[in-house]
Amino acid sequence: MFWLKKWRRSRIANRQFPDRWLAIIEKNVRIYNRLATWDKEELLRHILVFIAEKRFEGCGGLEITEEMKIIIAALGCMLILHRRTDYYPGLSTILVYPNAFVANRAEFLPGGVIAEGPQVLLGESHQTGVVILSWDDVKHDAADAAGGRNVVFHEFAHQIDITYGRGDSSSVLENNANFLAWAAVLQKNYERLRQAAAQNQPAFLDKYGAIDPAEFFAVATEFFFQKPKELKQSHPDLYNEMKNFYNQDPANI
């Protein structure tokens, strides 16, 4: 029942945050150190709930440590800061490999041809309740707050995309006029990136986002949090819509 889940989460969120967990975050998650005091406090409450509800499993011989859980949870919860959230309701398990992993992926080619084969991946997000991450890349991205790439932000953005209407929405999705503006801006910038990729022209955003709108949203999320000032300058309309969606303004931190 919803009220029981809400009560249980409130009890968890109000627990004392362990000092050793905080030390891990302050040392390894650089974006955390840029936050205002009240944002840090909210984030820590979210982390407590996230860790209580999600299951972590090591793959490829990796043994899950407390450090891994805390860093992944801190980055994942950055995306739900200031949002009405149900803590990624479609997500139950985070699988963690020691480094990049190989998975079979289908690639859609011109003429309706589908080619399937192994690809080296840093992360994957599934509608079946699973996110897969490369630990080497998670830790590297957490330490490089301005690098533009963050595999946790990318894959958890996919989870938010998957869970529209199931508790992880925000005000931009509740008002039809706002949603239409949001969709128009994302579509315009997605087409801009697709054109740059097709013509082999330089682009500020990672051209991986030109694959499809879902990948564009995930890439835009990475840049919004990792390179906010640069995104605001190069894509001001996109930055503004992302700011409204995430209820955060990282360019002004």
# chains A, B, ... in the order shown; residues from 1 in each chain; ligands from 1
>>> select_by_dssp(residues="segment 164-245 of chain A", states="alpha helix (DSSP H)", output="JSON, numbers by chain")
{"A": [171, 172, 173, 174, 176, 177, 178, 179, 180, 181, 182, 183, 184, 185, 186, 187, 188, 189, 190, 191, 192, 193, 194, 195, 196, 197, 198, 213, 214, 215, 216, 217, 218, 219, 220, 221, 222, 223, 224, 225, 226, 228, 229, 230, 231, 232, 233, 234, 236, 237, 238, 239, 240, 241, 242, 243, 244, 245]}
>>> residues_around(residues="Ile12 of chain A", least_positions_apart="6", cutoff="12 Å", atoms="only C-alpha atoms", output="PyMOL selection string")
chain A and resi 5-6+44-53
>>> residues_around(residues="segment 160-162 of chain A", least_positions_apart="2", cutoff="12 Å", atoms="only C-alpha atoms", output="ChimeraX atom specification")
/A:76-77,79-80,83-91,125-131,153-158,164-170,173,213-218,221,245-246
>>> closest_residue(among="A:Lys54, A:His235, A:Lys207, A:Lys227", to="Gly148 of chain A", atoms="only C-alpha atoms")
A:Lys227
>>> closest_residue(among="A:Ala143, A:Ile132, A:Ile253, A:Ala73", to="Ala36 of chain A", atoms="only C-alpha atoms")
A:Ile253
>>> atom_distance(atom1="atom CA of Ala142 of chain A", atom2="atom CA of Ala220 of chain A")
17.1 Å
>>> residues_around(residues="Ile64 of chain A", least_positions_apart="5", cutoff="12 Å", atoms="only C-alpha atoms", output="count of residues only")
15
>>> closest_residue(among="A:Val102, A:Leu238, A:Val152, A:Arg34", to="Lys188 of chain A", atoms="only C-alpha atoms")
A:Leu238
>>> closest_residue(among="A:Glu241, A:Asp39, A:Glu222, A:Glu26", to="Phe179 of chain A", atoms="only C-alpha atoms")
A:Glu241
>>> atom_distance(atom1="atom CA of Ala183 of chain A", atom2="atom CA of Gly147 of chain A")
26.6 Å
>>> select_by_dssp(residues="segment 117-155 of chain A", states="strand (DSSP E or B)", output="PDB file with N, CA and C atoms, in the first residue's frame")
ATOM      1  N   GLY A 117      25.165  -8.700 -33.269  1.00  0.00           N
ATOM      2  CA  GLY A 117      26.495  -9.186 -32.955  1.00  0.00           C
ATOM      3  C   GLY A 117      26.986  -8.625 -31.639  1.00  0.00           C
ATOM      4  N   PRO A 118      28.148  -9.068 -31.182  1.00  0.00           N
ATOM      5  CA  PRO A 118      28.676  -8.604 -29.890  1.00  0.00           C
ATOM      6  C   PRO A 118      29.181  -7.171 -29.968  1.00  0.00           C
ATOM      7  N   GLN A 119      28.921  -6.420 -28.894  1.00  0.00           N
ATOM      8  CA  GLN A 119      29.421  -5.053 -28.765  1.00  0.00           C
ATOM      9  C   GLN A 119      29.984  -4.868 -27.365  1.00  0.00           C
ATOM     10  N   VAL A 120      31.029  -4.050 -27.270  1.00  0.00           N
ATOM     11  CA  VAL A 120      31.608  -3.711 -25.972  1.00  0.00           C
ATOM     12  C   VAL A 120      30.831  -2.536 -25.405  1.00  0.00           C
ATOM     13  N   LEU A 121      30.308  -2.688 -24.189  1.00  0.00           N
ATOM     14  CA  LEU A 121      29.440  -1.687 -23.581  1.00  0.00           C
ATOM     15  C   LEU A 121      29.975  -1.236 -22.224  1.00  0.00           C
ATOM     16  N   GLY A 123      27.563   0.340 -20.215  1.00  0.00           N
ATOM     17  CA  GLY A 123      26.347   0.270 -19.427  1.00  0.00           C
ATOM     18  C   GLY A 123      25.165  -0.095 -20.292  1.00  0.00           C
ATOM     19  N   GLU A 124      24.117  -0.538 -19.640  1.00  0.00           N
ATOM     20  CA  GLU A 124      22.873  -0.896 -20.332  1.00  0.00           C
ATOM     21  C   GLU A 124      21.716  -0.687 -19.371  1.00  0.00           C
ATOM     22  N   SER A 125      20.571  -0.308 -19.924  1.00  0.00           N
ATOM     23  CA  SER A 125      19.374  -0.128 -19.114  1.00  0.00           C
ATOM     24  C   SER A 125      18.240  -0.914 -19.744  1.00  0.00           C
ATOM     25  N   VAL A 130      16.420  -3.862 -14.719  1.00  0.00           N
ATOM     26  CA  VAL A 130      17.858  -4.054 -14.530  1.00  0.00           C
ATOM     27  C   VAL A 130      18.646  -2.925 -15.193  1.00  0.00           C
ATOM     28  N   VAL A 131      19.641  -2.420 -14.484  1.00  0.00           N
ATOM     29  CA  VAL A 131      20.666  -1.548 -15.049  1.00  0.00           C
ATOM     30  C   VAL A 131      22.002  -2.265 -14.904  1.00  0.00           C
ATOM     31  N   ILE A 132      22.805  -2.236 -15.961  1.00  0.00           N
ATOM     32  CA  ILE A 132      24.126  -2.875 -15.954  1.00  0.00           C
ATOM     33  C   ILE A 132      25.181  -1.790 -16.102  1.00  0.00           C
ATOM     34  N   LEU A 133      26.240  -1.851 -15.284  1.00  0.00           N
ATOM     35  CA  LEU A 133      27.265  -0.813 -15.269  1.00  0.00           C
ATOM     36  C   LEU A 133      28.662  -1.407 -15.226  1.00  0.00           C
ATOM     37  N   SER A 134      29.598  -0.693 -15.814  1.00  0.00           N
ATOM     38  CA  SER A 134      31.026  -1.009 -15.697  1.00  0.00           C
ATOM     39  C   SER A 134      31.581  -0.210 -14.526  1.00  0.00           C
TER      40      SER A 134
END
>>> residues_around(residues="Leu231 of chain A", least_positions_apart="2", cutoff="12 Å", atoms="only C-alpha atoms", output="short mmCIF file (atom, residue, chain, number, x, y, z; two decimals) with N, CA and C atoms, in the first residue's frame")
data_model
loop_
_atom_site.label_atom_id
_atom_site.label_comp_id
_atom_site.auth_asym_id
_atom_site.auth_seq_id
_atom_site.Cartn_x
_atom_site.Cartn_y
_atom_site.Cartn_z
N ALA A 146 33.45 17.14 -14.75
CA ALA A 146 33.30 18.03 -15.91
C ALA A 146 33.67 17.34 -17.21
N GLY A 148 31.87 15.37 -19.19
CA GLY A 148 30.84 15.25 -20.21
C GLY A 148 30.21 13.87 -20.27
N ASN A 189 16.67 19.80 -31.20
CA ASN A 189 18.09 19.59 -30.91
C ASN A 189 18.56 18.19 -31.30
N ALA A 203 30.17 18.59 -33.28
CA ALA A 203 28.98 18.85 -32.46
C ALA A 203 29.41 18.88 -31.00
N PHE A 204 28.76 19.71 -30.22
CA PHE A 204 29.07 19.78 -28.79
C PHE A 204 28.63 18.51 -28.08
N LEU A 205 27.41 18.07 -28.35
CA LEU A 205 26.89 16.87 -27.71
C LEU A 205 27.51 15.62 -28.34
N ASP A 206 27.62 14.57 -27.54
CA ASP A 206 28.14 13.30 -28.04
C ASP A 206 27.22 12.78 -29.15
N VAL A 219 22.02 11.30 -23.36
CA VAL A 219 23.23 12.09 -23.59
C VAL A 219 23.04 13.51 -23.09
N ALA A 220 21.87 14.10 -23.37
CA ALA A 220 21.59 15.45 -22.90
C ALA A 220 21.63 15.52 -21.38
N THR A 221 21.17 14.47 -20.72
CA THR A 221 21.23 14.41 -19.26
C THR A 221 22.67 14.42 -18.77
N GLU A 222 23.53 13.62 -19.40
CA GLU A 222 24.94 13.61 -19.03
C GLU A 222 25.54 15.00 -19.11
N PHE A 223 25.32 15.67 -20.23
CA PHE A 223 25.92 16.99 -20.43
C PHE A 223 25.29 18.05 -19.54
N PHE A 224 24.01 17.90 -19.22
CA PHE A 224 23.34 18.85 -18.33
C PHE A 224 24.00 18.87 -16.96
N PHE A 225 24.37 17.70 -16.47
CA PHE A 225 24.98 17.62 -15.15
C PHE A 225 26.50 17.74 -15.19
N GLN A 226 27.12 17.28 -16.26
CA GLN A 226 28.58 17.26 -16.32
C GLN A 226 29.18 18.54 -16.92
N LYS A 227 28.51 19.10 -17.90
CA LYS A 227 29.00 20.32 -18.56
C LYS A 227 27.86 21.34 -18.67
N PRO A 228 27.29 21.73 -17.55
CA PRO A 228 26.10 22.59 -17.61
C PRO A 228 26.35 23.97 -18.21
N LYS A 229 27.44 24.61 -17.85
CA LYS A 229 27.70 25.95 -18.38
C LYS A 229 27.89 25.91 -19.90
N GLN A 233 25.40 27.52 -22.88
CA GLN A 233 25.90 28.44 -23.89
C GLN A 233 25.63 27.95 -25.31
N SER A 234 25.84 26.64 -25.54
CA SER A 234 25.72 26.12 -26.91
C SER A 234 24.29 25.73 -27.27
N HIS A 235 23.50 25.30 -26.29
CA HIS A 235 22.11 24.88 -26.54
C HIS A 235 21.21 25.50 -25.45
N PRO A 236 21.02 26.81 -25.44
CA PRO A 236 20.28 27.45 -24.35
C PRO A 236 18.85 26.96 -24.18
N ASP A 237 18.17 26.68 -25.30
CA ASP A 237 16.79 26.21 -25.19
C ASP A 237 16.74 24.81 -24.60
N LEU A 238 17.67 23.95 -24.99
CA LEU A 238 17.74 22.61 -24.44
C LEU A 238 18.07 22.66 -22.96
N TYR A 239 19.03 23.50 -22.61
CA TYR A 239 19.40 23.62 -21.19
C TYR A 239 18.19 24.06 -20.37
N ASN A 240 17.44 25.01 -20.87
CA ASN A 240 16.29 25.51 -20.12
C ASN A 240 15.25 24.43 -19.90
N GLU A 241 14.98 23.61 -20.92
CA GLU A 241 14.00 22.53 -20.77
C GLU A 241 14.50 21.44 -19.82
N MET A 242 15.80 21.16 -19.88
CA MET A 242 16.37 20.18 -18.95
C MET A 242 16.32 20.72 -17.52
N LYS A 243 16.54 22.00 -17.37
CA LYS A 243 16.46 22.64 -16.05
C LYS A 243 15.05 22.50 -15.48
N ASP A 249 19.50 23.62 -11.54
CA ASP A 249 20.17 24.61 -12.37
C ASP A 249 21.67 24.51 -12.13
N PRO A 250 22.30 23.42 -12.58
CA PRO A 250 23.72 23.19 -12.25
C PRO A 250 24.67 24.22 -12.82
N ALA A 251 24.28 24.96 -13.86
CA ALA A 251 25.16 25.99 -14.42
C ALA A 251 25.38 27.14 -13.44
#
